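See below for start37.tsv, which holds TSV, C-alpha atoms.
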chain	number	residue	atom	x	y	z
U	1	MET	CA	85.77	-39.33	2.62
U	2	GLN	CA	88.71	-38.80	4.97
U	3	SER	CA	92.10	-39.22	3.41
U	4	GLU	CA	94.41	-37.80	6.06
U	5	ARG	CA	94.78	-36.45	9.55
U	6	PHE	CA	93.78	-32.92	10.46
U	7	LYS	CA	94.02	-30.98	13.72
U	8	LEU	CA	92.59	-27.54	14.27
U	9	ALA	CA	92.35	-25.28	17.28
U	10	PHE	CA	89.99	-22.46	18.02
U	11	ILE	CA	92.19	-19.86	19.72
U	12	GLY	CA	91.74	-16.56	21.47
U	13	THR	CA	90.74	-15.19	24.80
U	14	HIS	CA	88.06	-16.52	27.11
U	15	GLY	CA	84.38	-15.78	26.63
U	16	VAL	CA	84.41	-15.43	22.85
U	17	GLY	CA	82.60	-18.62	21.84
U	18	LYS	CA	85.39	-21.11	21.16
U	19	THR	CA	83.58	-23.94	22.93
U	20	THR	CA	80.34	-23.23	21.06
U	21	LEU	CA	82.27	-23.26	17.77
U	22	CYS	CA	83.91	-26.59	18.67
U	23	TYR	CA	80.53	-28.22	19.26
U	24	GLY	CA	78.96	-26.60	16.20
U	25	LEU	CA	81.78	-27.68	13.89
U	26	ALA	CA	81.90	-31.18	15.39
U	27	ALA	CA	78.15	-31.63	14.85
U	28	ARG	CA	78.38	-30.55	11.21
U	29	LEU	CA	81.38	-32.75	10.47
U	30	LYS	CA	79.84	-35.75	12.28
U	31	ALA	CA	76.76	-35.33	10.08
U	32	ARG	CA	79.14	-35.90	7.14
U	33	ASP	CA	80.56	-39.06	8.76
U	34	VAL	CA	83.88	-37.46	9.71
U	35	SER	CA	85.55	-39.38	12.52
U	36	LEU	CA	86.68	-36.81	15.04
U	37	GLU	CA	87.31	-35.98	18.65
U	38	VAL	CA	86.97	-32.67	20.49
U	39	VAL	CA	89.69	-31.76	22.97
U	40	HIS	CA	87.86	-29.78	25.61
U	41	GLU	CA	89.33	-26.80	27.41
U	42	VAL	CA	91.46	-28.33	30.15
U	43	ALA	CA	91.69	-25.15	32.26
U	44	ARG	CA	88.28	-26.05	33.69
U	45	LEU	CA	89.86	-29.14	35.27
U	46	CYS	CA	92.89	-27.38	36.74
U	47	PRO	CA	93.12	-27.87	40.51
U	48	LEU	CA	95.16	-24.65	40.88
U	49	PRO	CA	94.02	-21.01	40.62
U	50	ILE	CA	93.56	-19.70	37.07
U	51	ASN	CA	92.66	-16.37	35.43
U	52	GLU	CA	94.34	-13.32	36.96
U	53	GLU	CA	95.49	-15.40	39.96
U	54	THR	CA	97.18	-18.07	37.86
U	55	SER	CA	100.76	-19.19	38.40
U	56	VAL	CA	103.51	-20.86	36.42
U	57	ALA	CA	102.53	-24.12	38.11
U	58	ALA	CA	98.85	-23.77	37.14
U	59	GLN	CA	99.60	-22.80	33.56
U	60	SER	CA	102.22	-25.55	33.26
U	61	TRP	CA	99.58	-28.04	34.40
U	62	ILE	CA	97.13	-26.67	31.83
U	63	LEU	CA	99.71	-26.59	29.03
U	64	HIS	CA	100.91	-30.15	29.61
U	65	SER	CA	97.35	-31.44	30.08
U	66	GLN	CA	96.34	-29.80	26.78
U	67	ILE	CA	99.21	-31.44	24.93
U	68	ALA	CA	98.50	-34.83	26.54
U	69	ALA	CA	94.82	-34.64	25.58
U	70	GLU	CA	95.74	-33.73	22.00
U	71	LEU	CA	98.19	-36.64	21.78
U	72	VAL	CA	95.52	-39.11	22.87
U	73	ALA	CA	92.86	-37.63	20.58
U	74	SER	CA	95.22	-37.66	17.58
U	75	GLU	CA	95.98	-41.34	18.12
U	76	ARG	CA	92.29	-42.24	18.26
U	77	HIS	CA	90.77	-40.09	15.50
U	78	PRO	CA	91.94	-38.64	12.20
U	79	VAL	CA	90.33	-35.24	12.88
U	80	VAL	CA	90.86	-33.38	16.14
U	81	ILE	CA	89.11	-30.15	17.08
U	82	CYS	CA	90.73	-28.31	20.00
U	83	ASP	CA	89.06	-25.82	22.28
U	84	ARG	CA	92.27	-23.74	22.64
U	85	SER	CA	95.84	-24.43	21.63
U	86	ALA	CA	99.13	-24.59	23.46
U	87	LEU	CA	99.74	-20.99	22.36
U	88	ASP	CA	96.78	-19.35	24.07
U	89	ASN	CA	97.41	-21.38	27.22
U	90	TYR	CA	100.99	-20.08	27.17
U	91	VAL	CA	99.79	-16.49	26.77
U	92	TYR	CA	97.92	-16.72	30.08
U	93	MET	CA	101.21	-17.80	31.68
U	94	MET	CA	103.15	-14.98	30.04
U	95	LEU	CA	100.65	-12.40	31.27
U	96	ARG	CA	101.20	-13.57	34.84
U	97	ALA	CA	104.89	-14.51	34.90
U	98	GLY	CA	106.52	-13.51	31.60
U	99	ARG	CA	108.05	-15.74	28.96
U	100	GLN	CA	109.30	-19.06	30.36
U	101	PRO	CA	112.43	-20.22	28.47
U	102	ALA	CA	111.96	-23.85	29.52
U	103	LEU	CA	108.47	-23.91	27.95
U	104	ASP	CA	108.82	-21.40	25.11
U	105	GLY	CA	110.56	-23.82	22.76
U	106	MET	CA	108.13	-26.62	23.55
U	107	VAL	CA	105.18	-24.35	22.73
U	108	GLY	CA	106.84	-23.31	19.48
U	109	ALA	CA	107.46	-26.90	18.46
U	110	TRP	CA	103.95	-27.99	19.43
U	111	MET	CA	102.35	-25.23	17.36
U	112	ALA	CA	103.66	-27.00	14.24
U	113	THR	CA	101.25	-29.88	14.98
U	114	TYR	CA	98.15	-27.80	14.15
U	115	ASP	CA	96.91	-27.77	10.58
U	116	LEU	CA	94.63	-24.80	11.20
U	117	LEU	CA	94.43	-22.13	13.88
U	118	VAL	CA	91.15	-20.21	14.01
U	119	MET	CA	91.34	-16.90	15.87
U	120	VAL	CA	88.00	-16.06	17.47
U	121	PRO	CA	87.53	-12.31	18.02
U	122	ILE	CA	86.05	-10.53	21.01
U	123	ILE	CA	82.50	-9.44	20.22
U	124	ASP	CA	81.22	-8.96	23.76
U	125	THR	CA	82.38	-8.85	27.36
U	126	PRO	CA	82.75	-12.25	29.03
U	127	SER	CA	79.66	-13.66	30.70
U	128	PRO	CA	80.00	-15.03	34.22
U	129	ASP	CA	80.18	-18.83	34.13
U	130	GLY	CA	81.50	-19.45	37.62
U	131	LEU	CA	85.07	-20.06	36.44
U	132	ARG	CA	86.37	-17.62	33.87
U	133	ALA	CA	87.36	-14.02	34.58
U	134	THR	CA	84.78	-11.38	33.70
U	135	ASP	CA	87.10	-8.35	33.60
U	136	PRO	CA	87.02	-6.98	30.02
U	137	SER	CA	90.55	-5.57	30.35
U	138	PHE	CA	91.92	-9.03	31.21
U	139	GLN	CA	89.97	-10.51	28.29
U	140	ALA	CA	91.47	-7.85	25.97
U	141	ALA	CA	94.99	-8.45	27.32
U	142	VAL	CA	94.75	-12.17	26.51
U	143	ASP	CA	93.37	-11.43	23.04
U	144	SER	CA	96.20	-8.99	22.37
U	145	GLY	CA	98.77	-11.46	23.70
U	146	VAL	CA	97.54	-14.24	21.42
U	147	ARG	CA	97.63	-11.95	18.40
U	148	LYS	CA	101.15	-10.77	19.25
U	149	GLU	CA	102.39	-14.35	19.71
U	150	LEU	CA	100.89	-15.40	16.38
U	151	GLU	CA	102.79	-12.57	14.73
U	152	ARG	CA	106.03	-13.08	16.68
U	153	ARG	CA	106.06	-16.80	15.88
U	154	GLU	CA	104.94	-16.18	12.28
U	155	LEU	CA	101.97	-18.53	12.65
U	156	GLY	CA	99.22	-18.33	10.09
U	157	ALA	CA	95.66	-18.29	11.32
U	158	MET	CA	92.15	-17.90	9.99
U	159	PHE	CA	90.76	-14.73	11.56
U	160	LEU	CA	86.98	-14.82	11.96
U	161	ASP	CA	85.05	-11.69	11.03
U	162	PRO	CA	83.45	-10.18	14.16
U	163	ASP	CA	80.55	-8.94	12.00
U	164	ASP	CA	79.72	-12.42	10.65
U	165	ARG	CA	79.27	-14.60	13.71
U	166	GLU	CA	76.47	-16.53	12.00
U	167	GLY	CA	78.90	-17.60	9.26
U	168	TRP	CA	81.80	-18.69	11.47
U	169	VAL	CA	81.07	-22.42	11.62
U	170	ALA	CA	80.31	-22.63	7.89
U	171	ARG	CA	83.56	-20.87	7.01
U	172	VAL	CA	85.67	-23.20	9.14
U	173	GLU	CA	83.73	-26.27	7.98
U	174	ALA	CA	84.39	-25.38	4.32
U	175	HIS	CA	88.11	-25.07	5.02
U	176	VAL	CA	88.24	-28.42	6.85
U	177	LEU	CA	86.25	-30.24	4.17
U	178	GLU	CA	88.52	-28.86	1.47
U	179	ALA	CA	91.59	-30.05	3.42
U	180	LEU	CA	90.08	-33.52	3.92
U	181	ALA	CA	88.94	-33.99	0.31
U	182	PRO	CA	90.95	-36.50	-1.70
U	183	PRO	CA	93.12	-34.87	-4.32
U	184	GLN	CA	91.53	-34.53	-7.74
U	185	LEU	CA	93.13	-36.41	-10.60
U	186	PRO	CA	93.85	-34.36	-13.70
U	187	LEU	CA	91.41	-35.16	-16.51
U	188	LEU	CA	93.91	-34.75	-19.30
Take the structure I supplied and represent it as C-alpha coordinates, if you would.
Amino acid sequence: MQSERFKLAFIGTHGVGKTTLCYGLAARLKARDVSLEVVHEVARLCPLPINEETSVAAQSWILHSQIAAELVASERHPVVICDRSALDNYVYMMLRAGRQPALDGMVGAWMATYDLLVMVPIIDTPSPDGLRATDPSFQAAVDSGVRKELERRELGAMFLDPDDREGWVARVEAHVLEALAPPQLPLL
(Lines of atoms letter the chains of each structure in order from A and count residues from 1; the text may use other names and numbers.)
(Lines give C-alpha, C1' and ligand atoms only; values in the text may rest on other atoms or scores of the structure.)
Protein backbone atom coordinates (compact mmCIF):
# COMPACT_ATOMS: atom_id res chain seq x y z
CA MET A 1 0.00 0.00 0.00
CA GLN A 2 2.74 2.48 0.91
CA SER A 3 4.34 4.22 -2.01
CA GLU A 4 6.31 6.99 -0.33
CA ARG A 5 7.52 8.52 2.89
CA PHE A 6 5.28 10.64 5.07
CA LYS A 7 5.94 12.53 8.31
CA LEU A 8 3.29 14.26 10.35
CA ALA A 9 3.34 16.06 13.66
CA PHE A 10 0.56 16.75 16.10
CA ILE A 11 1.28 20.26 17.33
CA GLY A 12 -0.05 22.63 19.94
CA THR A 13 0.19 23.28 23.61
CA HIS A 14 0.45 20.71 26.39
CA GLY A 15 -2.56 18.87 27.76
CA VAL A 16 -4.66 18.87 24.59
CA GLY A 17 -4.44 15.20 23.62
CA LYS A 18 -1.55 15.05 21.14
CA THR A 19 -0.15 11.86 22.66
CA THR A 20 -3.56 10.18 22.64
CA LEU A 21 -3.98 11.14 18.98
CA CYS A 22 -0.54 9.73 18.13
CA TYR A 23 -1.42 6.36 19.63
CA GLY A 24 -4.91 6.34 18.12
CA LEU A 25 -3.66 7.16 14.63
CA ALA A 26 -0.78 4.69 14.90
CA ALA A 27 -3.15 1.89 15.91
CA ARG A 28 -5.49 2.58 13.00
CA LEU A 29 -2.67 2.79 10.45
CA LYS A 30 -0.97 -0.35 11.84
CA ALA A 31 -4.28 -2.18 11.40
CA ARG A 32 -3.92 -1.31 7.68
CA ASP A 33 -0.34 -2.68 7.60
CA VAL A 34 1.29 0.76 7.42
CA SER A 35 4.90 0.58 8.59
CA LEU A 36 5.37 3.46 10.99
CA GLU A 37 7.12 4.78 14.05
CA VAL A 38 5.89 7.21 16.69
CA VAL A 39 8.33 9.86 17.90
CA HIS A 40 7.34 10.38 21.51
CA GLU A 41 7.43 13.74 23.25
CA VAL A 42 11.06 14.16 24.27
CA ALA A 43 10.41 16.88 26.86
CA ARG A 44 9.50 14.11 29.31
CA LEU A 45 13.12 12.90 29.13
CA CYS A 46 14.74 16.31 29.58
CA PRO A 47 17.07 16.37 32.59
CA LEU A 48 16.67 20.16 32.92
CA PRO A 49 13.68 22.18 34.19
CA ILE A 50 10.83 22.61 31.70
CA ASN A 51 7.48 24.43 31.60
CA GLU A 52 7.53 27.96 33.04
CA GLU A 53 10.98 27.34 34.55
CA THR A 54 12.56 26.24 31.28
CA SER A 55 15.75 27.73 29.89
CA VAL A 56 17.47 28.09 26.55
CA ALA A 57 19.62 25.09 27.52
CA ALA A 58 16.59 22.92 28.36
CA GLN A 59 14.69 23.87 25.23
CA SER A 60 17.81 23.43 23.08
CA TRP A 61 18.18 19.93 24.51
CA ILE A 62 14.52 19.20 23.74
CA LEU A 63 14.70 20.70 20.24
CA HIS A 64 17.84 18.81 19.24
CA SER A 65 16.58 15.57 20.82
CA GLN A 66 13.31 15.91 18.87
CA ILE A 67 15.15 16.38 15.59
CA ALA A 68 17.50 13.47 16.34
CA ALA A 69 14.58 11.17 17.15
CA GLU A 70 12.83 12.17 13.93
CA LEU A 71 15.97 11.52 11.88
CA VAL A 72 16.28 8.00 13.28
CA ALA A 73 12.57 7.25 12.86
CA SER A 74 12.57 8.51 9.26
CA GLU A 75 15.47 6.24 8.38
CA ARG A 76 13.74 3.19 9.84
CA HIS A 77 10.12 3.63 8.72
CA PRO A 78 8.35 5.23 5.78
CA VAL A 79 5.67 6.84 8.00
CA VAL A 80 6.57 8.85 11.08
CA ILE A 81 4.04 10.25 13.54
CA CYS A 82 5.46 12.92 15.85
CA ASP A 83 4.09 13.92 19.23
CA ARG A 84 5.09 17.59 18.74
CA SER A 85 7.24 19.29 16.14
CA ALA A 86 10.34 21.43 16.26
CA LEU A 87 8.06 24.48 16.05
CA ASP A 88 6.09 23.95 19.24
CA ASN A 89 9.27 23.05 21.12
CA TYR A 90 10.75 26.34 19.89
CA VAL A 91 7.67 28.27 21.06
CA TYR A 92 8.31 27.15 24.65
CA MET A 93 11.83 28.56 24.31
CA MET A 94 10.58 31.83 22.84
CA LEU A 95 8.10 32.29 25.69
CA ARG A 96 10.94 32.02 28.20
CA ALA A 97 13.85 33.69 26.40
CA GLY A 98 12.63 35.24 23.15
CA ARG A 99 13.58 34.33 19.60
CA GLN A 100 17.02 32.71 19.34
CA PRO A 101 18.73 33.71 16.06
CA ALA A 102 21.09 30.72 16.16
CA LEU A 103 18.13 28.31 16.29
CA ASP A 104 15.44 30.22 14.40
CA GLY A 105 16.77 29.32 10.96
CA MET A 106 17.28 25.69 11.91
CA VAL A 107 13.66 25.46 13.10
CA GLY A 108 12.46 27.06 9.88
CA ALA A 109 14.45 24.65 7.74
CA TRP A 110 13.35 21.63 9.78
CA MET A 111 9.68 22.55 9.45
CA ALA A 112 9.96 21.80 5.72
CA THR A 113 10.51 18.12 6.59
CA TYR A 114 6.90 17.64 7.79
CA ASP A 115 4.29 16.59 5.25
CA LEU A 116 1.43 17.43 7.60
CA LEU A 117 1.08 19.53 10.73
CA VAL A 118 -2.05 18.89 12.77
CA MET A 119 -2.94 21.68 15.21
CA VAL A 120 -4.73 20.29 18.25
CA PRO A 121 -6.95 22.88 19.96
CA ILE A 122 -7.42 23.51 23.66
CA ILE A 123 -10.71 22.00 24.81
CA ASP A 124 -10.01 21.80 28.53
CA THR A 125 -7.53 22.91 31.16
CA PRO A 126 -4.45 20.70 31.50
CA SER A 127 -4.74 17.76 33.87
CA PRO A 128 -1.93 17.21 36.37
CA ASP A 129 0.36 14.42 35.16
CA GLY A 130 3.32 15.07 37.43
CA LEU A 131 5.34 16.82 34.71
CA ARG A 132 3.43 19.31 32.61
CA ALA A 133 2.30 22.74 33.80
CA THR A 134 -1.32 23.02 34.88
CA ASP A 135 -1.67 26.82 34.64
CA PRO A 136 -4.34 27.53 31.97
CA SER A 137 -2.77 30.91 31.13
CA PHE A 138 0.57 29.22 30.33
CA GLN A 139 -1.27 26.62 28.24
CA ALA A 140 -3.06 29.42 26.34
CA ALA A 141 0.20 31.34 25.82
CA VAL A 142 1.83 28.29 24.20
CA ASP A 143 -1.24 27.70 22.01
CA SER A 144 -1.22 31.33 20.89
CA GLY A 145 2.53 31.20 20.26
CA VAL A 146 2.24 28.12 18.05
CA ARG A 147 -0.58 29.69 16.05
CA LYS A 148 1.39 32.93 15.60
CA GLU A 149 4.50 31.03 14.47
CA LEU A 150 2.48 29.01 11.96
CA GLU A 151 1.20 32.26 10.50
CA ARG A 152 4.53 34.11 10.65
CA ARG A 153 6.33 31.24 8.92
CA GLU A 154 3.44 30.71 6.48
CA LEU A 155 3.12 27.04 7.42
CA GLY A 156 -0.03 25.23 6.46
CA ALA A 157 -1.69 23.05 9.06
CA MET A 158 -4.80 20.99 9.53
CA PHE A 159 -6.75 22.62 12.35
CA LEU A 160 -8.89 20.15 14.29
CA ASP A 161 -12.42 21.22 15.19
CA PRO A 162 -12.73 21.58 18.99
CA ASP A 163 -16.38 20.49 18.72
CA ASP A 164 -15.56 17.20 16.95
CA ARG A 165 -13.01 15.49 19.17
CA GLU A 166 -14.52 12.08 18.37
CA GLY A 167 -13.74 12.63 14.68
CA TRP A 168 -10.15 13.84 15.03
CA VAL A 169 -8.35 10.53 14.44
CA ALA A 170 -10.58 9.60 11.50
CA ARG A 171 -10.00 12.97 9.83
CA VAL A 172 -6.22 12.71 10.12
CA GLU A 173 -6.24 9.04 9.10
CA ALA A 174 -8.19 9.86 5.92
CA HIS A 175 -5.66 12.54 5.01
CA VAL A 176 -2.70 10.22 5.60
CA LEU A 177 -4.24 7.34 3.64
CA GLU A 178 -4.97 9.65 0.73
CA ALA A 179 -1.36 10.88 0.76
CA LEU A 180 -0.02 7.30 0.88
CA ALA A 181 -2.29 5.93 -1.87
CA PRO A 182 -0.56 5.16 -5.15
CA PRO A 183 -1.46 7.60 -7.89
CA GLN A 184 -4.40 6.57 -10.05
CA LEU A 185 -3.73 5.95 -13.72
CA PRO A 186 -6.05 7.73 -16.12
CA LEU A 187 -8.54 5.34 -17.71
CA LEU A 188 -8.60 7.05 -21.07
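Closest approach to Val120 of chain U from the set U:Arg99, U:Arg165, U:Arg152, U:Arg32 is made by U:Arg165, with distances taken over only C-alpha atoms.
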Residues near Glu53 of chain U, cut-off 12 Å, only C-alpha atoms, skip fewer than 2 positions along chain, as a PyMOL selection string: chain U and resi 48-51+55-59+92-93+95-97+131-133+138
For segment 15-27 of chain U, find every residue with an atom within 10 Å (counting only C-alpha atoms), except residues of its own chain fewer than 6 positions away, and show them as number ranges by chain. U: 8-9, 33-41, 79-84, 118-129, 132-134, 136, 139, 143, 165, 168-173, 176
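You will find atom CA of Phe159 of chain U at 18.5 Å from atom CA of Phe6 of chain U.
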Using all atoms listed in the file, determine which residues lie at most 12 Å from Leu150 of chain U, disregarding the query and same-chain residues fewer than 5 positions distant; provide the list as a count of residues only. 22
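Relative to atom CA of Thr13 of chain U, atom CA of Gly105 of chain U is found at 21.7 Å.
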Take every atom of segment 173-177 of chain U listed in the file, pad by 8 Å on each side, and give me the axis-aligned box centre and edge lengths in Å, one decimal, as AutoDock Vina command-line options.
--center_x 86.0 --center_y -27.7 --center_z 6.1 --size_x 20.5 --size_y 21.2 --size_z 19.8
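Our summary of the geometry notes that atom CA of Glu52 of chain U is positioned 12.1 Å from atom CA of His14 of chain U.
Checking U:Thr54, U:Ser137, U:Asn89, U:Gln100 one by one against Ile67 of chain U, counting all atoms listed in the file, you find the shortest gap at U:Asn89.
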Complete segment 7-39 of chain U with N, CA and C atoms (output as a short mmCIF file (atom, residue, chain, number, x, y, z; two decimals), in the coordinates of the input).
data_model
loop_
_atom_site.label_atom_id
_atom_site.label_comp_id
_atom_site.auth_asym_id
_atom_site.auth_seq_id
_atom_site.Cartn_x
_atom_site.Cartn_y
_atom_site.Cartn_z
N LYS U 7 94.25 -31.50 12.37
CA LYS U 7 94.02 -30.98 13.72
C LYS U 7 93.87 -29.47 13.64
N LEU U 8 92.79 -28.98 14.22
CA LEU U 8 92.59 -27.54 14.27
C LEU U 8 92.32 -27.11 15.69
N ALA U 9 92.61 -25.85 15.96
CA ALA U 9 92.35 -25.28 17.28
C ALA U 9 91.67 -23.94 17.12
N PHE U 10 90.60 -23.77 17.89
CA PHE U 10 89.99 -22.46 18.02
C PHE U 10 90.78 -21.74 19.11
N ILE U 11 91.32 -20.58 18.79
CA ILE U 11 92.19 -19.86 19.72
C ILE U 11 91.63 -18.48 20.01
N GLY U 12 92.15 -17.90 21.07
CA GLY U 12 91.74 -16.56 21.47
C GLY U 12 91.52 -16.50 22.95
N THR U 13 90.99 -15.41 23.38
CA THR U 13 90.74 -15.19 24.80
C THR U 13 89.50 -15.93 25.27
N HIS U 14 89.22 -15.86 26.53
CA HIS U 14 88.06 -16.52 27.11
C HIS U 14 86.79 -15.72 26.83
N GLY U 15 85.67 -16.44 26.78
CA GLY U 15 84.38 -15.78 26.63
C GLY U 15 84.04 -15.30 25.24
N VAL U 16 84.67 -15.87 24.22
CA VAL U 16 84.41 -15.43 22.85
C VAL U 16 83.63 -16.44 22.02
N GLY U 17 83.39 -17.63 22.56
CA GLY U 17 82.60 -18.62 21.84
C GLY U 17 83.37 -19.78 21.25
N LYS U 18 84.60 -20.00 21.70
CA LYS U 18 85.39 -21.11 21.16
C LYS U 18 84.73 -22.46 21.41
N THR U 19 84.22 -22.66 22.60
CA THR U 19 83.58 -23.94 22.93
C THR U 19 82.34 -24.17 22.07
N THR U 20 81.54 -23.14 21.91
CA THR U 20 80.34 -23.23 21.06
C THR U 20 80.73 -23.57 19.62
N LEU U 21 81.80 -22.96 19.13
CA LEU U 21 82.27 -23.26 17.77
C LEU U 21 82.75 -24.70 17.67
N CYS U 22 83.45 -25.19 18.68
CA CYS U 22 83.91 -26.59 18.67
C CYS U 22 82.73 -27.54 18.51
N TYR U 23 81.70 -27.34 19.33
CA TYR U 23 80.53 -28.22 19.26
C TYR U 23 79.79 -28.07 17.93
N GLY U 24 79.65 -26.83 17.46
CA GLY U 24 78.96 -26.60 16.20
C GLY U 24 79.68 -27.25 15.02
N LEU U 25 80.99 -27.07 14.97
CA LEU U 25 81.78 -27.68 13.89
C LEU U 25 81.75 -29.20 14.00
N ALA U 26 81.91 -29.73 15.20
CA ALA U 26 81.90 -31.18 15.39
C ALA U 26 80.57 -31.77 14.92
N ALA U 27 79.46 -31.13 15.26
CA ALA U 27 78.15 -31.63 14.85
C ALA U 27 78.03 -31.66 13.32
N ARG U 28 78.48 -30.60 12.68
CA ARG U 28 78.38 -30.55 11.21
C ARG U 28 79.27 -31.59 10.55
N LEU U 29 80.47 -31.76 11.06
CA LEU U 29 81.38 -32.75 10.47
C LEU U 29 80.91 -34.17 10.75
N LYS U 30 80.39 -34.42 11.96
CA LYS U 30 79.84 -35.75 12.28
C LYS U 30 78.69 -36.10 11.35
N ALA U 31 77.87 -35.09 11.00
CA ALA U 31 76.76 -35.33 10.08
C ALA U 31 77.25 -35.75 8.70
N ARG U 32 78.52 -35.49 8.40
CA ARG U 32 79.14 -35.90 7.14
C ARG U 32 80.01 -37.15 7.33
N ASP U 33 79.83 -37.84 8.44
CA ASP U 33 80.56 -39.06 8.76
C ASP U 33 82.06 -38.86 8.94
N VAL U 34 82.47 -37.70 9.41
CA VAL U 34 83.88 -37.46 9.71
C VAL U 34 84.16 -37.99 11.11
N SER U 35 85.15 -38.84 11.22
CA SER U 35 85.55 -39.38 12.52
C SER U 35 86.43 -38.35 13.22
N LEU U 36 85.96 -37.89 14.38
CA LEU U 36 86.68 -36.81 15.04
C LEU U 36 86.56 -36.91 16.55
N GLU U 37 87.40 -36.14 17.21
CA GLU U 37 87.31 -35.98 18.65
C GLU U 37 87.53 -34.52 18.98
N VAL U 38 86.81 -34.04 19.99
CA VAL U 38 86.97 -32.67 20.49
C VAL U 38 87.83 -32.73 21.74
N VAL U 39 88.88 -31.92 21.77
CA VAL U 39 89.69 -31.76 22.97
C VAL U 39 89.13 -30.55 23.70
#
